[in-house]
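Shown next: structure.txt, given as compact mmCIF, C-alpha atoms (C1' of nucleotides).
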```
# COMPACT_ATOMS: atom_id res chain seq x y z
CA MET K 1 130.93 76.45 177.82
CA SER K 2 130.13 72.93 176.73
CA VAL K 3 133.68 72.46 175.56
CA GLN K 4 135.10 73.20 178.97
CA GLU K 5 132.58 70.93 180.56
CA ARG K 6 133.55 68.13 178.25
CA LYS K 7 137.18 68.65 179.10
CA GLN K 8 136.48 68.60 182.80
CA ARG K 9 134.47 65.43 182.35
CA GLU K 10 137.28 63.80 180.41
CA ARG K 11 139.72 64.85 183.09
CA ALA K 12 137.57 63.36 185.79
CA ASP K 13 137.23 60.18 183.75
CA ARG K 14 140.95 59.94 183.39
CA GLU K 15 141.44 60.48 187.09
CA ARG K 16 139.07 57.62 187.84
CA LEU K 17 140.94 55.53 185.30
CA ILE K 18 144.21 56.20 187.09
CA VAL K 19 142.80 55.20 190.47
CA ALA K 20 141.06 52.12 189.10
CA THR K 21 144.16 51.02 187.23
CA ALA K 22 146.39 51.54 190.25
CA ARG K 23 144.02 49.50 192.35
CA GLU K 24 143.80 46.74 189.77
CA LEU K 25 147.55 46.58 189.37
CA ALA K 26 148.05 46.56 193.13
CA GLU K 27 145.58 43.71 193.60
CA GLN K 28 147.16 41.73 190.80
CA GLN K 29 150.84 42.16 191.58
CA GLY K 30 151.10 44.06 194.84
CA TRP K 31 151.82 47.71 195.53
CA ASP K 32 155.52 47.31 194.80
CA ALA K 33 154.59 46.66 191.20
CA VAL K 34 152.62 49.89 191.00
CA THR K 35 155.33 52.15 189.62
CA THR K 36 154.60 55.43 187.90
CA ARG K 37 155.97 54.05 184.66
CA ARG K 38 153.87 50.92 184.65
CA LEU K 39 150.82 52.85 185.70
CA ALA K 40 151.35 55.42 182.97
CA GLU K 41 151.78 52.70 180.39
CA ARG K 42 148.58 50.97 181.41
CA ILE K 43 146.48 54.10 181.13
CA GLU K 44 148.25 54.86 177.85
CA TYR K 45 149.59 58.24 178.91
CA SER K 46 153.03 59.44 179.90
CA GLN K 47 154.18 59.71 183.48
CA PRO K 48 153.81 63.47 183.91
CA VAL K 49 150.07 63.14 183.32
CA LEU K 50 149.84 61.35 186.64
CA TYR K 51 151.36 64.37 188.33
CA SER K 52 148.78 66.68 186.79
CA HIS K 53 146.16 64.75 188.74
CA PHE K 54 148.01 63.78 191.91
CA ARG K 55 150.86 65.29 193.83
CA GLY K 56 152.66 61.98 193.75
CA LYS K 57 152.38 58.27 194.26
CA ARG K 58 151.27 58.73 197.85
CA GLU K 59 148.22 60.64 196.80
CA ILE K 60 147.28 57.88 194.36
CA ILE K 61 147.46 55.39 197.19
CA GLY K 62 145.34 57.76 199.23
CA ALA K 63 142.73 57.93 196.49
CA VAL K 64 142.51 54.14 196.41
CA ALA K 65 142.19 54.16 200.18
CA LEU K 66 139.26 56.57 200.09
CA GLU K 67 137.52 54.48 197.45
CA GLY K 68 138.06 51.44 199.61
CA ALA K 69 136.76 53.18 202.73
CA ALA K 70 133.51 53.98 200.98
CA GLU K 71 133.09 50.40 199.82
CA MET K 72 133.92 49.02 203.21
CA ALA K 73 131.41 51.31 204.87
CA SER K 74 128.64 50.12 202.59
CA ALA K 75 129.68 46.48 202.95
CA VAL K 76 129.59 46.77 206.73
CA ARG K 77 126.23 48.53 206.69
CA ALA K 78 124.74 45.97 204.35
CA ALA K 79 125.87 43.10 206.52
CA ALA K 80 124.65 44.77 209.70
CA SER K 81 121.24 45.63 208.34
CA ALA K 82 120.70 42.11 207.05
CA ALA K 83 121.14 40.64 210.52
CA ASP K 84 118.51 40.30 213.23
CA GLY K 85 119.36 41.44 216.71
CA PRO K 86 122.50 42.95 218.25
CA ARG K 87 124.39 39.68 218.57
CA ALA K 88 123.95 38.64 214.95
CA ARG K 89 124.64 42.19 213.87
CA VAL K 90 127.99 42.30 215.59
CA THR K 91 129.22 39.01 214.18
CA ALA K 92 127.93 39.88 210.72
CA LEU K 93 129.73 43.20 210.89
CA ALA K 94 132.95 41.59 212.00
CA LEU K 95 132.81 38.94 209.30
CA ALA K 96 132.03 41.54 206.66
CA TYR K 97 135.00 43.61 207.77
CA LEU K 98 137.39 40.68 207.66
CA ASP K 99 135.93 39.49 204.40
CA PHE K 100 136.52 42.85 202.82
CA ALA K 101 140.12 42.89 204.01
CA GLU K 102 140.68 39.42 202.65
CA ARG K 103 139.10 40.06 199.27
CA ASN K 104 140.78 43.44 198.77
CA PRO K 105 144.20 43.11 200.35
CA ALA K 106 145.79 45.89 198.33
CA VAL K 107 142.98 48.28 199.10
CA TYR K 108 143.16 47.38 202.75
CA ASP K 109 146.90 48.03 202.68
CA ALA K 110 146.29 51.40 201.09
CA MET K 111 143.85 52.24 203.86
CA PHE K 112 145.86 51.18 206.89
CA ARG K 113 149.29 49.83 206.16
CA LEU K 114 150.72 52.18 203.56
CA ASP K 115 151.27 55.88 203.78
CA GLY K 116 148.56 57.46 201.70
CA GLY K 117 149.22 60.88 203.12
CA LEU K 118 145.78 60.93 204.72
CA ALA K 119 145.09 63.01 207.78
CA PHE K 120 143.59 60.55 210.19
CA ALA K 121 143.11 61.94 213.60
CA HIS K 122 142.25 65.54 212.98
CA GLU K 123 139.17 67.35 211.79
CA ASP K 124 140.34 67.44 208.20
CA THR K 125 139.99 63.69 208.02
CA PRO K 126 138.42 62.86 204.65
CA GLU K 127 134.72 62.15 204.77
CA PRO K 128 134.87 58.51 203.59
CA LEU K 129 137.18 57.61 206.45
CA LYS K 130 134.97 59.22 209.04
CA ASP K 131 131.97 57.54 207.48
CA ALA K 132 133.60 54.13 207.58
CA PHE K 133 134.17 54.58 211.28
CA ALA K 134 130.61 55.78 211.64
CA ALA K 135 129.38 52.61 209.98
CA LEU K 136 131.13 50.59 212.65
CA LEU K 137 129.89 52.85 215.40
CA GLU K 138 126.26 52.48 214.35
CA SER K 139 126.20 48.79 215.11
CA LEU K 140 128.85 48.56 217.80
CA GLY K 141 127.67 51.50 219.87
CA GLU K 142 124.57 49.63 220.95
CA VAL K 143 126.58 46.82 222.51
CA ALA K 144 129.18 48.92 224.27
CA GLY K 145 127.55 48.37 227.63
CA ASP K 146 126.66 50.80 230.37
CA GLY K 147 129.23 53.35 231.36
CA VAL K 148 131.42 52.68 228.36
CA HIS K 149 131.82 55.39 225.77
CA PRO K 150 130.53 54.02 222.44
CA GLY K 151 133.38 55.65 220.55
CA LEU K 152 135.99 54.09 222.79
CA PHE K 153 134.32 50.70 222.53
CA THR K 154 134.21 50.95 218.76
CA GLU K 155 137.88 51.84 218.66
CA VAL K 156 138.81 48.78 220.67
CA PHE K 157 136.61 46.47 218.64
CA TRP K 158 137.91 47.95 215.44
CA ALA K 159 141.49 47.54 216.64
CA ALA K 160 140.81 43.87 217.29
CA LEU K 161 139.39 43.42 213.81
CA HIS K 162 142.31 45.28 212.29
CA GLY K 163 144.75 43.11 214.15
CA LEU K 164 143.00 39.95 213.03
CA ALA K 165 142.95 41.13 209.42
CA THR K 166 146.60 42.06 209.46
CA LEU K 167 147.90 38.97 211.20
CA THR K 168 145.77 36.68 209.10
CA ARG K 169 147.10 38.20 205.92
CA ALA K 170 150.64 37.90 207.20
CA GLY K 171 150.05 34.18 207.42
CA ARG K 172 150.26 34.29 211.17
CA LEU K 173 146.73 33.14 211.84
CA PRO K 174 145.17 30.23 209.94
CA PRO K 175 142.16 31.59 208.02
CA GLN K 176 139.90 28.67 208.81
CA ASP K 177 139.67 29.72 212.46
CA THR K 178 138.38 33.18 211.62
CA GLY K 179 134.84 32.21 212.51
CA ARG K 180 135.81 31.00 215.96
CA ARG K 181 137.86 34.12 216.63
CA VAL K 182 134.97 36.33 215.65
CA GLU K 183 132.65 34.39 217.89
CA LEU K 184 135.06 34.84 220.76
CA LEU K 185 135.33 38.55 220.12
CA ALA K 186 131.59 39.03 219.91
CA ASP K 187 130.87 36.87 222.95
CA ARG K 188 133.34 38.61 225.18
CA LEU K 189 133.55 42.20 224.01
CA ALA K 190 129.92 42.93 223.27
CA VAL K 191 127.40 43.41 226.05
CA LEU K 192 124.16 41.91 224.87
CA MET L 193 193.49 29.13 215.47
CA SER L 194 193.35 32.29 217.53
CA VAL L 195 193.63 34.41 214.40
CA GLN L 196 190.57 32.87 212.85
CA GLU L 197 188.72 33.26 216.11
CA ARG L 198 189.60 36.92 216.28
CA LYS L 199 188.36 37.41 212.72
CA GLN L 200 185.14 35.65 213.46
CA ARG L 201 184.67 37.78 216.53
CA GLU L 202 185.32 40.96 214.57
CA ARG L 203 182.90 39.81 211.94
CA ALA L 204 180.23 39.17 214.53
CA ASP L 205 180.91 42.56 216.08
CA ARG L 206 180.49 44.25 212.75
CA GLU L 207 177.25 42.41 212.12
CA ARG L 208 175.92 43.63 215.45
CA LEU L 209 177.09 47.11 214.52
CA ILE L 210 175.13 46.94 211.28
CA VAL L 211 171.95 45.88 213.00
CA ALA L 212 172.31 48.41 215.79
CA THR L 213 173.05 51.21 213.36
CA ALA L 214 170.12 50.31 211.13
CA ARG L 215 167.86 50.29 214.15
CA GLU L 216 169.19 53.60 215.41
CA LEU L 217 168.83 55.23 212.03
CA ALA L 218 165.33 53.87 211.63
CA GLU L 219 164.27 55.16 215.03
CA GLN L 220 165.77 58.55 214.31
CA GLN L 221 164.56 59.17 210.77
CA GLY L 222 162.27 56.31 209.83
CA TRP L 223 162.92 53.23 207.74
CA ASP L 224 162.77 55.16 204.49
CA ALA L 225 165.96 56.89 205.54
CA VAL L 226 167.70 53.57 206.06
CA THR L 227 169.34 53.19 202.67
CA THR L 228 172.25 50.91 202.03
CA ARG L 229 174.43 53.91 201.26
CA ARG L 230 173.64 55.80 204.42
CA LEU L 231 173.95 52.66 206.48
CA ALA L 232 177.32 51.85 204.94
CA GLU L 233 178.54 55.36 205.56
CA ARG L 234 177.54 55.24 209.21
CA ILE L 235 179.36 52.03 209.91
CA GLU L 236 182.30 53.39 207.92
CA TYR L 237 182.37 50.59 205.37
CA SER L 238 181.33 50.38 201.77
CA GLN L 239 177.97 49.06 200.65
CA PRO L 240 179.09 45.59 199.52
CA VAL L 241 180.16 44.81 203.07
CA LEU L 242 176.50 44.82 204.04
CA TYR L 243 175.86 42.12 201.48
CA SER L 244 178.58 39.93 202.91
CA HIS L 245 176.54 39.79 206.11
CA PHE L 246 172.98 39.93 204.84
CA ARG L 247 171.32 38.88 201.65
CA GLY L 248 169.79 42.31 201.29
CA LYS L 249 167.99 45.09 203.02
CA ARG L 250 165.08 42.81 203.90
CA GLU L 251 167.32 40.58 205.95
CA ILE L 252 168.63 43.58 207.86
CA ILE L 253 165.09 44.55 208.72
CA GLY L 254 164.50 40.96 209.74
CA ALA L 255 167.51 41.04 212.05
CA VAL L 256 166.20 44.16 213.75
CA ALA L 257 162.83 42.47 214.07
CA LEU L 258 164.34 39.44 215.80
CA GLU L 259 166.25 41.64 218.20
CA GLY L 260 163.03 43.49 218.94
CA ALA L 261 161.10 40.28 219.47
CA ALA L 262 163.55 39.16 222.10
CA GLU L 263 163.34 42.48 223.91
CA MET L 264 159.58 42.52 223.74
CA ALA L 265 159.38 39.01 225.14
CA SER L 266 161.49 39.94 228.12
CA ALA L 267 159.62 43.22 228.64
CA VAL L 268 156.31 41.37 228.65
CA ARG L 269 157.60 38.69 231.00
CA ALA L 270 159.04 41.26 233.37
CA ALA L 271 155.79 43.19 233.52
CA ALA L 272 153.74 40.04 234.01
CA SER L 273 155.90 38.64 236.77
CA ALA L 274 155.84 41.92 238.66
CA ALA L 275 152.05 41.88 238.89
CA ASP L 276 149.95 40.07 241.46
CA GLY L 277 147.04 37.99 240.26
CA PRO L 278 145.66 37.23 236.80
CA ARG L 279 143.81 40.53 236.41
CA ALA L 280 146.80 42.74 237.17
CA ARG L 281 148.99 40.45 235.09
CA VAL L 282 146.85 40.86 232.01
CA THR L 283 146.72 44.64 232.18
CA ALA L 284 150.41 44.87 232.98
CA LEU L 285 151.17 42.69 230.00
CA ALA L 286 148.99 44.74 227.70
CA LEU L 287 150.47 48.02 228.86
CA ALA L 288 154.00 46.65 228.51
CA TYR L 289 153.23 45.54 224.96
CA LEU L 290 151.81 48.90 223.94
CA ASP L 291 154.59 50.73 225.73
CA PHE L 292 157.18 48.77 223.81
CA ALA L 293 155.47 49.54 220.53
CA GLU L 294 155.31 53.22 221.36
CA ARG L 295 158.89 53.53 222.52
CA ASN L 296 160.32 51.52 219.63
CA PRO L 297 158.15 52.36 216.64
CA ALA L 298 160.75 51.46 214.05
CA VAL L 299 161.45 48.12 215.67
CA TYR L 300 157.75 47.41 215.90
CA ASP L 301 157.41 48.24 212.22
CA ALA L 302 160.23 45.87 211.42
CA MET L 303 158.45 43.14 213.35
CA PHE L 304 154.96 43.49 211.95
CA ARG L 305 154.51 46.14 209.32
CA LEU L 306 157.52 45.75 207.07
CA ASP L 307 158.61 42.76 205.10
CA GLY L 308 161.56 41.34 206.94
CA GLY L 309 161.44 38.12 204.99
CA LEU L 310 160.59 36.19 208.13
CA ALA L 311 158.69 32.95 207.96
CA PHE L 312 155.85 33.49 210.36
CA ALA L 313 153.33 30.73 210.33
CA HIS L 314 155.40 27.67 209.65
CA GLU L 315 157.70 25.55 211.70
CA ASP L 316 160.81 27.38 210.54
CA THR L 317 159.64 30.47 212.36
CA PRO L 318 162.68 31.96 214.09
CA GLU L 319 162.94 31.17 217.77
CA PRO L 320 162.63 34.77 219.09
CA LEU L 321 159.28 35.19 217.36
CA LYS L 322 157.92 31.96 218.75
CA ASP L 323 159.23 32.91 222.15
CA ALA L 324 157.56 36.33 222.03
CA PHE L 325 154.26 34.62 221.35
CA ALA L 326 155.00 32.18 224.14
CA ALA L 327 155.55 35.08 226.53
CA LEU L 328 152.05 36.29 225.76
CA LEU L 329 150.62 32.82 226.01
CA GLU L 330 152.06 32.24 229.47
CA SER L 331 150.01 34.99 231.01
CA LEU L 332 147.03 35.02 228.71
CA GLY L 333 146.43 31.31 228.63
CA GLU L 334 145.31 31.29 232.25
CA VAL L 335 142.47 33.72 231.55
CA ALA L 336 141.20 32.16 228.33
CA GLY L 337 138.21 30.68 230.10
CA ASP L 338 136.77 27.19 229.95
CA GLY L 339 136.35 25.62 226.58
CA VAL L 340 138.46 28.18 224.81
CA HIS L 341 141.74 27.11 223.32
CA PRO L 342 144.51 29.17 225.01
CA GLY L 343 146.34 29.63 221.72
CA LEU L 344 143.24 30.95 220.00
CA PHE L 345 142.54 33.28 222.89
CA THR L 346 146.09 34.58 222.85
CA GLU L 347 145.85 35.19 219.13
CA VAL L 348 142.72 37.27 219.55
CA PHE L 349 144.10 39.24 222.48
CA TRP L 350 147.34 39.82 220.63
CA ALA L 351 145.45 40.94 217.55
CA ALA L 352 143.64 43.49 219.66
CA LEU L 353 146.89 44.78 221.09
CA HIS L 354 148.45 44.90 217.66
CA GLY L 355 145.52 46.85 216.33
CA LEU L 356 145.68 49.31 219.20
CA ALA L 357 149.41 49.78 218.71
CA THR L 358 149.07 50.30 214.98
CA LEU L 359 146.12 52.63 215.06
CA THR L 360 147.58 54.65 217.90
CA ARG L 361 150.81 55.16 216.02
CA ALA L 362 148.88 56.18 212.90
CA GLY L 363 147.43 58.98 214.98
CA ARG L 364 144.02 57.45 214.79
CA LEU L 365 143.61 56.85 218.50
CA PRO L 366 144.54 59.49 221.06
CA PRO L 367 147.32 58.05 223.24
CA GLN L 368 145.94 59.35 226.51
CA ASP L 369 143.03 56.89 226.35
CA THR L 370 145.29 53.88 226.13
CA GLY L 371 144.75 53.04 229.77
CA ARG L 372 140.99 52.98 229.45
CA ARG L 373 141.16 50.84 226.32
CA VAL L 374 143.38 48.34 228.04
CA GLU L 375 141.01 48.22 231.01
CA LEU L 376 138.15 47.54 228.64
CA LEU L 377 140.05 44.80 226.88
CA ALA L 378 141.09 43.12 230.10
CA ASP L 379 137.64 43.42 231.66
CA ARG L 380 135.82 41.96 228.74
CA LEU L 381 138.15 39.50 227.06
CA ALA L 382 139.75 37.86 230.06
CA VAL L 383 137.82 35.40 232.20
CA LEU L 384 138.93 35.95 235.77
C1' DT I 385 209.43 35.26 200.69
C1' DC I 386 206.06 34.35 197.55
C1' DG I 387 201.67 32.50 195.66
C1' DA I 388 197.02 32.02 197.11
C1' DA I 389 193.11 33.17 199.48
C1' DT I 390 190.51 36.38 201.82
C1' DG I 391 188.66 40.80 202.35
C1' DT I 392 187.31 45.41 200.72
C1' DC I 393 186.35 49.09 197.55
C1' DT I 394 185.35 51.56 193.16
C1' DA I 395 182.32 51.82 189.62
C1' DG I 396 178.25 50.82 187.48
C1' DC I 397 173.55 48.49 186.26
C1' DG I 398 168.67 48.74 185.99
C1' DA I 399 164.80 50.76 188.20
C1' DT I 400 162.54 54.12 191.13
C1' DG I 401 159.78 58.82 191.97
C1' DC I 402 159.61 63.06 190.08
C1' DT I 403 160.36 67.34 186.94
C1' DA I 404 161.98 70.78 183.45
C1' DG I 405 161.34 72.36 178.94
C1' DG I 406 160.14 71.71 174.29
C1' DA I 407 156.58 70.14 170.96
C1' DT I 408 151.98 69.62 169.65
C1' DT I 409 147.32 70.28 169.63
C1' DC I 410 143.30 72.84 170.51
C1' DG I 411 139.84 76.70 171.17
C1' DC I 412 138.64 81.11 169.91
C1' DA I 413 138.64 85.77 167.92
C1' DT I 414 139.21 87.88 163.70
C1' DA T 415 138.99 79.98 157.03
C1' DT T 416 143.05 81.36 159.53
C1' DG T 417 146.38 82.56 162.66
C1' DC T 418 147.48 83.25 167.45
C1' DG T 419 147.61 82.27 172.45
C1' DA T 420 146.94 78.88 175.72
C1' DA T 421 146.31 74.59 177.38
C1' DT T 422 147.98 69.84 177.02
C1' DC T 423 151.14 66.28 176.60
C1' DC T 424 155.58 63.93 175.88
C1' DT T 425 160.64 63.31 175.58
C1' DA T 426 164.52 63.36 178.17
C1' DG T 427 166.81 63.61 182.26
C1' DC T 428 168.02 64.08 187.49
C1' DA T 429 169.01 62.16 191.89
C1' DT T 430 168.51 58.19 194.40
C1' DC T 431 167.39 53.42 195.28
C1' DG T 432 168.95 48.16 196.01
C1' DC T 433 172.30 45.37 194.41
C1' DT T 434 176.62 43.34 191.98
C1' DA T 435 180.83 42.57 189.05
C1' DG T 436 185.48 43.02 188.87
C1' DA T 437 189.67 45.35 190.28
C1' DC T 438 192.60 46.19 194.17
C1' DA T 439 194.75 45.47 198.62
C1' DT T 440 195.79 42.79 202.49
C1' DT T 441 196.73 38.85 205.00
C1' DC T 442 197.71 33.92 205.53
C1' DG T 443 200.11 29.52 204.97
C1' DA T 444 204.01 27.06 203.04
```
Translate this structure into structure tokens?
Amino acid sequence: MSVQERKQRERADRERLIVATARELAEQQGWDAVTTRRLAERIEYSQPVLYSHFRGKREIIGAVALEGAAEMASAVRAAASAADGPRARVTALALAYLDFAERNPAVYDAMFRLDGGLAFAHEDTPEPLKDAFAALLESLGEVAGDGVHPGLFTEVFWAALHGLATLTRAGRLPPQDTGRRVELLADRLAVL
Amino acid sequence: MSVQERKQRERADRERLIVATARELAEQQGWDAVTTRRLAERIEYSQPVLYSHFRGKREIIGAVALEGAAEMASAVRAAASAADGPRARVTALALAYLDFAERNPAVYDAMFRLDGGLAFAHEDTPEPLKDAFAALLESLGEVAGDGVHPGLFTEVFWAALHGLATLTRAGRLPPQDTGRRVELLADRLAVL
DNA sequence: TCGAATGTCTAGCGATGCTAGGATTCGCAT
DNA sequence: ATGCGAATCCTAGCATCGCTAGACATTCGA
């Protein structure tokens, strides 16, 4: 029995290695540079090994996206819980979100820009994605205002953050004004 | 002289044909299906002809993006001018923007999701892109509120719209709630 | 009418995601 | 310890991608 367990452990290790390497490579040189050949070379295995873990490149991107969603959820929660009061909580959350997107552009792309083959809308949405949304909802729901569905409010706020993250990374919005934009968002959207 | 003029006209016609065909193909089957071979076949020329008009596939995407920007600008202006008062203007503008994104997903992708090789932030930003932003600014600037830079406000509002468009297309947000989200955005962000 | 210039196509390069099929290694029963 | 079956891994290759060199045809100007 212990032999099989060791093998399973090694397999799981290798799978983590693949995801971590893909992420590292993507952050260093962009997702275009993450080819199956380069990835295989970096993990010191041949290409087909990748396909014994993942159905294809898309699924690898999806795995990175899930990892990123978990990290983002915890980053958002940490920032929110460190702030006092609804107002500070909202701005802290927003800044944490944008900070995560800026520090992990490739991961953010995997989550929202690229096709990771993830089911988003339906019930079979992976847990990390639902949890990341829940992390936003926890802090944003309390400032939705009367008569506004917390989920709907969170979606709109999230959309605004996503737009800011995307456009900033595209060079469209100068990064130094991020603080003022977040202030504007929090002042106007949130009901305090 | 008239011979050269005819040739130039034919060349310009063919260039328009390339862009229109690329756009059509992208809307029908997605940008992944827009390969240089398929595109060449559809316009009934060989691949190298494409490269006598554009530096590469990126530039073709960029051309579609510019065409889309011009259309979006006029769609936004039309919607805004047909509405009475700032409040109605803002919601009409927002709905027109989202409607454009929904009806022309491939064009919207070319504008914001894909790499069309367009210079965005700098001064050499192509005129249609600047004009599309200007179309937003015209209506949104008047509801920025006191002490808020109209450009900054427009950026934030635009980011929110962009996020809504993106997330809706990804299947993350149910389309039937678009109206309520727009109402929320207009109610909260705009100062009337 | 003929050389030159312009325009177009055929063929091919390197690289991509992905896979079939053979080789090798490994665990386990004898 | 040994030999066999199975699991594991790699070599080699396919179709397709964006892109380009060089041959071919066509048209223009003298």
Give me, as a compact mmCIF listing (two decimals) with C-alpha atoms, in the coordinates of the input, the residues of chain L touching chain T, with the criterion being at most 10 Å (counting only C-alpha atoms (C1' of nucleotides)).
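File result.txt, as written:
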```txt
# COMPACT_ATOMS: atom_id res chain seq x y z
CA VAL L 195 193.63 34.41 214.40
CA THR L 227 169.34 53.19 202.67
CA THR L 228 172.25 50.91 202.03
CA ARG L 229 174.43 53.91 201.26
CA GLN L 239 177.97 49.06 200.65
CA PRO L 240 179.09 45.59 199.52
CA TYR L 243 175.86 42.12 201.48
CA ARG L 247 171.32 38.88 201.65
CA GLY L 248 169.79 42.31 201.29
CA LYS L 249 167.99 45.09 203.02
```
Neighbours of chain K in chain I at 12 Å, counting only C-alpha atoms (C1' of nucleotides), as a PyMOL selection string | chain I and resi 399-404+410-412
Using only C-alpha atoms, determine which residues of chain L fall within 6 Å of chain K; present them as a PyMOL selection string.
-> chain L and resi 312-313+351-352+354-356+363-364+380-381
What is the distance, in Å and to one decimal place, between CA of Pro150 in chain K and CA of Glu375 in chain L?
-> 14.7 Å
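Our summary of the geometry notes that CA of Ala63 in chain K is positioned 8.7 Å from CA of Ala110 in chain K.
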How many Å separate CA of Leu258 in chain L from CA of Met303 in chain L?
->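 Computed distance, CA of Leu258 in chain L to CA of Met303 in chain L, equals 7.4 Å.
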List the neighbours of Val34 in chain K out to 7 Å using only C-alpha atoms (C1' of nucleotides); skip same-chain residues closer than 3 positions along the sequence, and give me the result as a list in words.
-> Ala22, Leu25, Ala26, Trp31, Arg38 and Leu39 of chain K
Same residues, C-alpha atoms, output as an mmCIF file, in the coordinates of the input:
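Resulting contents of out.cif:
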```cif
data_model
loop_
_atom_site.group_PDB
_atom_site.id
_atom_site.type_symbol
_atom_site.label_atom_id
_atom_site.label_comp_id
_atom_site.auth_asym_id
_atom_site.auth_seq_id
_atom_site.Cartn_x
_atom_site.Cartn_y
_atom_site.Cartn_z
ATOM 1 C CA ALA K 22 146.390 51.540 190.250
ATOM 2 C CA LEU K 25 147.550 46.580 189.370
ATOM 3 C CA ALA K 26 148.050 46.560 193.130
ATOM 4 C CA TRP K 31 151.820 47.710 195.530
ATOM 5 C CA ARG K 38 153.870 50.920 184.650
ATOM 6 C CA LEU K 39 150.820 52.850 185.700
#
```
Draw an axis-aligned box over all listed atoms of range 398-412 of chain I, pad each side with 3 Å, and write its centre and edge lengths in Å, one decimal, as JSON.
```
{"center_x": 153.7, "center_y": 64.9, "center_z": 180.8, "size_x": 36.0, "size_y": 38.4, "size_z": 28.3}
```
